[in-house]
Amino acid sequence: MTETKNKTRVALLFGGRSSEHAVSCVTAAGVMSAIDTDKYEVVPVGITREGQWVLSRGDWHQWALNAGHPPEVQASESTVRLAESNGAAHLVVTEPNQVPRELGDVDVVFPLLHGAFGEDGTVQGLLELADVHYVGAGVLASAVGMDKHFMKVAFEAAGLAVGPYVTVTDKEWRRDPEAVRDAVGRLGFPVFVKPCRAGSSVGISKVDGPEGLDAAIAEARRHDLRLVIETAITGREIECGVLEGRGCDAPRTSLPGEIVVQGGQHTFYDFEAKYIENDAASLSCPADLPQAAIDRVRELAGTAFDAVSGEGLSRVDFFYTPEGEFIINEINTMPGFTPISMYPAMWAATGIGYSDLIDELIQLALARPTGLR
């Protein structure tokens with residue numbers, strides 16, 4: 001008789017309460033389709049827009065993104081909870097008027113969540129309390145990586161070049177909007193108005209003059225009451241993937257990639273250009289750069305990863321100016337992770353395929369101790 005080998009149990013968390021709910025579902029579909037099922041047992045746990053955890057179907061096809069029907073985790077009478085007992089994490093299902101039933105131990109959690117209430121350190125804190133291994137950045141790195149203001153503060157402290165910007169709090173805008181307009185005017189137009197704690201280009205507007213500023217601020221405030229307003233940087237959009245080093249090794253960096261928006265109605269790499277319209281932008285990897293520039297951006301990406309105390313994975317985005325300078329835009333501690341997303345594409349060009357990348361991230365999480373580190 002052949003002995004059955006125990007598989008590592010991986011709980012995939014996806015969906016969530018943020019405006020990037022649908023993108024998270026698509027990311028989960030990509031991982032479900034490529035994870036090594038001979039090695040890993042997948043437990044898909046969806047989080048509704050209201051925050052309920054539900055046991056989801058493992059058929060990744062249902063989470064495809066299209067313009068007419070974006071995927072969404074639906075509410076259920078059965079709620080999944082993560083509990084810690086005797087040093088192990090368990091998934092428990094609770095239903096009305098029923099005795100709670102256990103789904104068994106979880107070896108590692110893979111939080112495929114984008115945006116607030118998932119990528120910002122909140123879920124990471126919950127997983128820390130449950131004393132469970134999980135993929136990706138910890139509480140601090142997740143929170144700093146989500147907050148565009150404090151991210152820039154960390155980058156500047158690490159000596160990275162950051163473009164001019166102003167941060168606008170809710171109180172500042174309500175108390176003295178004219179002072180905010182004056183501060184933005186001193187930056188010079190055009191500017192980008194962004195929610196401070198959102199990703200996937202949700203709520204971002206390019207503003208060419210003062211007359212468009214208030215509408216852009218109103219749009220961004222629908223997603224976050226804190227905003228970052230940045231001077232538009234002239235330059236090519238270059239990205240670099242970072243993968244945590246094994247043991248005490250330095251972070252590993254990928255060959256860089258480049259995003260080129262094709263024009264038309266898109267003046268920048270917005271949500272539709274990223275996810276809906278297939279021909280709105282082209283992704284080139286490796287980017288056509290001089291070798292010295294490739295070496296430099298990989299070095300800077302590693303610096304940015306360390307600046308926020310990164311773990312697991314990150315994608316670092318830069319502007320490459322006509323003068324040959326790299327200005328950092330942001331770090332994304334849970335980048336888009338579908339098979340065609342830039343992060344996996346950059347690693348594929350560097351020699352690590354999608355399935356192997358998923359495996360490496362899980363192994364990094366299992367090797368990392370829980371608790372303070």
# chains A, B, ... in the order shown; residues from 1 in each chain; ligands from 1
$ closest_atom_pairs --of "region 99-218 of chain A" --to "region 305-309 of chain A" --cutoff "7 Å" --atoms "only C-alpha atoms" --output "JSON lines"
{"residue": "A:Ala141", "atom": "CA", "partner": "A:Val308", "partner_atom": "CA", "distance": 5.1}
{"residue": "A:Val144", "atom": "CA", "partner": "A:Val308", "partner_atom": "CA", "distance": 6.5}
{"residue": "A:Gly145", "atom": "CA", "partner": "A:Val308", "partner_atom": "CA", "distance": 7.0}
{"residue": "A:Ala154", "atom": "CA", "partner": "A:Ala307", "partner_atom": "CA", "distance": 6.0}
{"residue": "A:Phe155", "atom": "CA", "partner": "A:Ala307", "partner_atom": "CA", "distance": 6.3}
{"residue": "A:Ala158", "atom": "CA", "partner": "A:Ala307", "partner_atom": "CA", "distance": 6.1}
$ closest_atom_pairs --of "region 186-260 of chain A" --to "region 359-369 of chain A" --cutoff "12 Å" --atoms "only C-alpha atoms" --output "CSV"
residue,atom,partner,partner_atom,distance
A:Val242,CA,A:Leu361,CA,11.3
A:Leu243,CA,A:Leu361,CA,8.1
A:Glu244,CA,A:Leu364,CA,7.7
A:Gly245,CA,A:Leu364,CA,8.5
A:Arg246,CA,A:Leu364,CA,7.1
A:Gly247,CA,A:Ala367,CA,8.3
A:Cys248,CA,A:Arg368,CA,11.1
A:Pro251,CA,A:Leu364,CA,12.0
$ write_last_selection --atoms "C-alpha atoms" --output "PDB file, in the first residue's frame"
ATOM      1  CA  VAL A 242      11.157  42.077  -4.760  1.00  0.00           C
ATOM      2  CA  LEU A 243      11.199  38.662  -3.116  1.00  0.00           C
ATOM      3  CA  GLU A 244      12.373  38.189   0.453  1.00  0.00           C
ATOM      4  CA  GLY A 245      15.749  36.496   0.770  1.00  0.00           C
ATOM      5  CA  ARG A 246      16.072  33.105   2.409  1.00  0.00           C
ATOM      6  CA  GLY A 247      17.374  33.171   5.972  1.00  0.00           C
ATOM      7  CA  CYS A 248      19.680  36.150   6.410  1.00  0.00           C
ATOM      8  CA  PRO A 251      16.081  40.698  -0.743  1.00  0.00           C
TER       9      PRO A 251
END
$ residues_around --residues "region 48-61 of chain A" --least-positions-apart "4" --cutoff "6 Å" --atoms "only C-alpha atoms" --output "PyMOL selection string"
chain A and resi 16-17+29+32+44+73-74+79-80
$ closest_residue --among "A:Gly351, A:Gly104, A:Gly241, A:Gly125" --to "Met334 (chain A)" --atoms "only C-alpha atoms"
A:Gly241
$ select_by_dssp --residues "region 307-349 of chain A" --states "strand (DSSP E or B)" --output "PyMOL selection string"
chain A and resi 313-320+326-332
$ atom_distance --atom1 "CA of Val166 (chain A)" --atom2 "CA of Pro256 (chain A)"
28.4 Å
$ residues_around --residues "Leu113 (chain A)" --least-positions-apart "3" --cutoff "7 Å" --atoms "only C-alpha atoms" --output "list of chain:residue names"
A:Leu13, A:Phe14, A:Gly15, A:Gly16, A:Ser24, A:Gly118, A:Glu119
$ write_last_selection --atoms "all heavy atoms" --output "tab-separated table (two decimals), in the first residue's frame"
chain	number	residue	atom	x	y	z
A	13	LEU	N	-7.18	33.80	1.54
A	13	LEU	CA	-8.13	34.85	1.90
A	13	LEU	C	-8.25	35.81	0.73
A	13	LEU	O	-7.24	36.32	0.23
A	13	LEU	CB	-7.64	35.63	3.13
A	13	LEU	CG	-7.64	34.94	4.48
A	13	LEU	CD1	-7.24	35.95	5.56
A	13	LEU	CD2	-8.99	34.34	4.80
A	14	PHE	N	-9.47	36.12	0.31
A	14	PHE	CA	-9.64	37.02	-0.83
A	14	PHE	C	-10.99	37.73	-0.73
A	14	PHE	O	-11.86	37.37	0.07
A	14	PHE	CB	-9.53	36.26	-2.15
A	14	PHE	CG	-10.57	35.19	-2.36
A	14	PHE	CD1	-11.73	35.45	-3.08
A	14	PHE	CD2	-10.38	33.92	-1.85
A	14	PHE	CE1	-12.68	34.48	-3.28
A	14	PHE	CE2	-11.33	32.92	-2.04
A	14	PHE	CZ	-12.49	33.20	-2.75
A	15	GLY	N	-11.15	38.74	-1.58
A	15	GLY	CA	-12.35	39.57	-1.55
A	15	GLY	C	-12.09	40.78	-0.67
A	15	GLY	O	-11.23	41.61	-0.96
A	16	GLY	N	-12.82	40.87	0.44
A	16	GLY	CA	-12.54	41.92	1.41
A	16	GLY	C	-13.43	43.15	1.28
A	16	GLY	O	-14.24	43.28	0.37
A	24	SER	N	-9.04	41.54	-5.92
A	24	SER	CA	-8.59	40.49	-5.01
A	24	SER	C	-9.14	39.13	-5.44
A	24	SER	O	-8.43	38.11	-5.39
A	24	SER	CB	-9.03	40.81	-3.58
A	24	SER	OG	-8.74	39.75	-2.71
A	118	GLY	N	-7.21	44.70	4.74
A	118	GLY	CA	-6.64	43.46	4.21
A	118	GLY	C	-5.18	43.57	3.87
A	118	GLY	O	-4.39	42.70	4.24
A	119	GLU	N	-4.81	44.64	3.17
A	119	GLU	CA	-3.42	44.84	2.78
A	119	GLU	C	-2.73	45.86	3.69
A	119	GLU	O	-1.54	46.12	3.54
A	119	GLU	CB	-3.38	45.35	1.33
A	119	GLU	CG	-2.02	45.36	0.68
A	119	GLU	CD	-2.05	45.93	-0.73
A	119	GLU	OE1	-3.15	46.10	-1.29
A	119	GLU	OE2	-0.96	46.22	-1.27
$ atom_distance --atom1 "CA of Ile294 (chain A)" --atom2 "CA of Met151 (chain A)"
23.1 Å
$ select_by_dssp --residues "region 176-255 of chain A" --states "alpha helix (DSSP H)" --output "list in words"
Pro177, Glu178, Ala179, Val180, Arg181, Asp182, Ala183, Val184, Gly185, Arg186, Leu187, Leu213, Asp214, Ala215, Ala216, Ile217, Ala218, Glu219, Ala220 and Arg221 of chain A
$ write_last_selection --atoms "N, CA and C atoms" --output "PDB file, in the first residue's frame"
ATOM      1  N   PRO A 177     -10.338  74.770   2.998  1.00  0.00           N
ATOM      2  CA  PRO A 177     -10.059  74.236   1.665  1.00  0.00           C
ATOM      3  C   PRO A 177      -9.226  75.175   0.802  1.00  0.00           C
ATOM      4  N   GLU A 178      -9.336  76.485   1.043  1.00  0.00           N
ATOM      5  CA  GLU A 178      -8.554  77.426   0.243  1.00  0.00           C
ATOM      6  C   GLU A 178      -7.060  77.259   0.515  1.00  0.00           C
ATOM      7  N   ALA A 179      -6.694  76.964   1.756  1.00  0.00           N
ATOM      8  CA  ALA A 179      -5.284  76.736   2.086  1.00  0.00           C
ATOM      9  C   ALA A 179      -4.766  75.489   1.369  1.00  0.00           C
ATOM     10  N   VAL A 180      -5.631  74.474   1.243  1.00  0.00           N
ATOM     11  CA  VAL A 180      -5.251  73.264   0.512  1.00  0.00           C
ATOM     12  C   VAL A 180      -5.036  73.598  -0.959  1.00  0.00           C
ATOM     13  N   ARG A 181      -5.954  74.367  -1.528  1.00  0.00           N
ATOM     14  CA  ARG A 181      -5.814  74.748  -2.939  1.00  0.00           C
ATOM     15  C   ARG A 181      -4.517  75.521  -3.169  1.00  0.00           C
ATOM     16  N   ASP A 182      -4.186  76.407  -2.234  1.00  0.00           N
ATOM     17  CA  ASP A 182      -2.949  77.180  -2.365  1.00  0.00           C
ATOM     18  C   ASP A 182      -1.716  76.268  -2.308  1.00  0.00           C
ATOM     19  N   ALA A 183      -1.743  75.284  -1.387  1.00  0.00           N
ATOM     20  CA  ALA A 183      -0.609  74.366  -1.254  1.00  0.00           C
ATOM     21  C   ALA A 183      -0.431  73.538  -2.521  1.00  0.00           C
ATOM     22  N   VAL A 184      -1.538  73.108  -3.109  1.00  0.00           N
ATOM     23  CA  VAL A 184      -1.465  72.340  -4.346  1.00  0.00           C
ATOM     24  C   VAL A 184      -0.968  73.231  -5.481  1.00  0.00           C
ATOM     25  N   GLY A 185      -1.435  74.470  -5.505  1.00  0.00           N
ATOM     26  CA  GLY A 185      -0.984  75.400  -6.531  1.00  0.00           C
ATOM     27  C   GLY A 185       0.515  75.608  -6.505  1.00  0.00           C
ATOM     28  N   ARG A 186       1.093  75.572  -5.310  1.00  0.00           N
ATOM     29  CA  ARG A 186       2.551  75.752  -5.202  1.00  0.00           C
ATOM     30  C   ARG A 186       3.307  74.543  -5.749  1.00  0.00           C
ATOM     31  N   LEU A 187       2.655  73.382  -5.783  1.00  0.00           N
ATOM     32  CA  LEU A 187       3.288  72.214  -6.405  1.00  0.00           C
ATOM     33  C   LEU A 187       3.434  72.430  -7.905  1.00  0.00           C
ATOM     34  N   LEU A 213      -9.542  70.696  -9.651  1.00  0.00           N
ATOM     35  CA  LEU A 213      -9.018  70.168  -8.392  1.00  0.00           C
ATOM     36  C   LEU A 213     -10.120  69.703  -7.447  1.00  0.00           C
ATOM     37  N   ASP A 214     -11.150  70.517  -7.238  1.00  0.00           N
ATOM     38  CA  ASP A 214     -12.178  70.172  -6.255  1.00  0.00           C
ATOM     39  C   ASP A 214     -12.895  68.874  -6.619  1.00  0.00           C
ATOM     40  N   ALA A 215     -13.190  68.683  -7.899  1.00  0.00           N
ATOM     41  CA  ALA A 215     -13.869  67.454  -8.315  1.00  0.00           C
ATOM     42  C   ALA A 215     -12.980  66.243  -8.077  1.00  0.00           C
ATOM     43  N   ALA A 216     -11.682  66.375  -8.340  1.00  0.00           N
ATOM     44  CA  ALA A 216     -10.757  65.265  -8.117  1.00  0.00           C
ATOM     45  C   ALA A 216     -10.642  64.948  -6.634  1.00  0.00           C
ATOM     46  N   ILE A 217     -10.620  65.982  -5.799  1.00  0.00           N
ATOM     47  CA  ILE A 217     -10.572  65.763  -4.349  1.00  0.00           C
ATOM     48  C   ILE A 217     -11.834  65.059  -3.877  1.00  0.00           C
ATOM     49  N   ALA A 218     -12.995  65.473  -4.399  1.00  0.00           N
ATOM     50  CA  ALA A 218     -14.249  64.823  -4.021  1.00  0.00           C
ATOM     51  C   ALA A 218     -14.246  63.349  -4.411  1.00  0.00           C
ATOM     52  N   GLU A 219     -13.726  63.042  -5.588  1.00  0.00           N
ATOM     53  CA  GLU A 219     -13.662  61.647  -6.031  1.00  0.00           C
ATOM     54  C   GLU A 219     -12.731  60.833  -5.140  1.00  0.00           C
ATOM     55  N   ALA A 220     -11.570  61.354  -4.835  1.00  0.00           N
ATOM     56  CA  ALA A 220     -10.629  60.632  -3.975  1.00  0.00           C
ATOM     57  C   ALA A 220     -11.188  60.439  -2.572  1.00  0.00           C
ATOM     58  N   ARG A 221     -11.920  61.437  -2.069  1.00  0.00           N
ATOM     59  CA  ARG A 221     -12.477  61.348  -0.710  1.00  0.00           C
ATOM     60  C   ARG A 221     -13.600  60.315  -0.615  1.00  0.00           C
TER      61      ARG A 221
END
$ residues_around --residues "Ile229 (chain A)" --least-positions-apart "6" --cutoff "6 Å" --atoms "only C-alpha atoms" --output "PyMOL selection string"
chain A and resi 165-166+192-193
$ residues_around --residues "Asp208 (chain A)" --least-positions-apart "4" --cutoff "7 Å" --atoms "only C-alpha atoms" --output "list in words"
Phe189, Pro190 and Val191 of chain A
$ write_last_selection --atoms "C-alpha atoms" --output "PDB file, in the first residue's frame"
ATOM      1  CA  PHE A 189       0.044  71.540 -12.326  1.00  0.00           C
ATOM      2  CA  PRO A 190      -0.535  68.893 -13.515  1.00  0.00           C
ATOM      3  CA  VAL A 191      -0.940  66.918 -10.296  1.00  0.00           C
TER       4      VAL A 191
END
$ residues_around --residues "Ile331 (chain A)" --least-positions-apart "3" --cutoff "7 Å" --atoms "only C-alpha atoms" --output "PDB file with N, CA, C and O atoms, in the first residue's frame"
ATOM      1  N   GLY A 145       3.176  50.486   3.844  1.00  0.00           N
ATOM      2  CA  GLY A 145       3.067  50.316   2.402  1.00  0.00           C
ATOM      3  C   GLY A 145       1.716  50.734   1.852  1.00  0.00           C
ATOM      4  O   GLY A 145       1.604  51.059   0.673  1.00  0.00           O
ATOM      5  N   SER A 314       6.973  42.211  -2.704  1.00  0.00           N
ATOM      6  CA  SER A 314       6.551  43.596  -2.967  1.00  0.00           C
ATOM      7  C   SER A 314       6.858  43.923  -4.419  1.00  0.00           C
ATOM      8  O   SER A 314       7.742  43.325  -5.037  1.00  0.00           O
ATOM      9  N   ARG A 315       6.108  44.883  -4.944  1.00  0.00           N
ATOM     10  CA  ARG A 315       6.437  45.478  -6.234  1.00  0.00           C
ATOM     11  C   ARG A 315       6.723  46.952  -5.984  1.00  0.00           C
ATOM     12  O   ARG A 315       5.943  47.632  -5.323  1.00  0.00           O
ATOM     13  N   VAL A 316       7.853  47.417  -6.498  1.00  0.00           N
ATOM     14  CA  VAL A 316       8.250  48.805  -6.271  1.00  0.00           C
ATOM     15  C   VAL A 316       8.188  49.548  -7.604  1.00  0.00           C
ATOM     16  O   VAL A 316       8.743  49.085  -8.606  1.00  0.00           O
ATOM     17  N   ASP A 317       7.507  50.690  -7.600  1.00  0.00           N
ATOM     18  CA  ASP A 317       7.254  51.445  -8.829  1.00  0.00           C
ATOM     19  C   ASP A 317       8.067  52.737  -8.841  1.00  0.00           C
ATOM     20  O   ASP A 317       8.096  53.467  -7.835  1.00  0.00           O
TER      21      ASP A 317
END
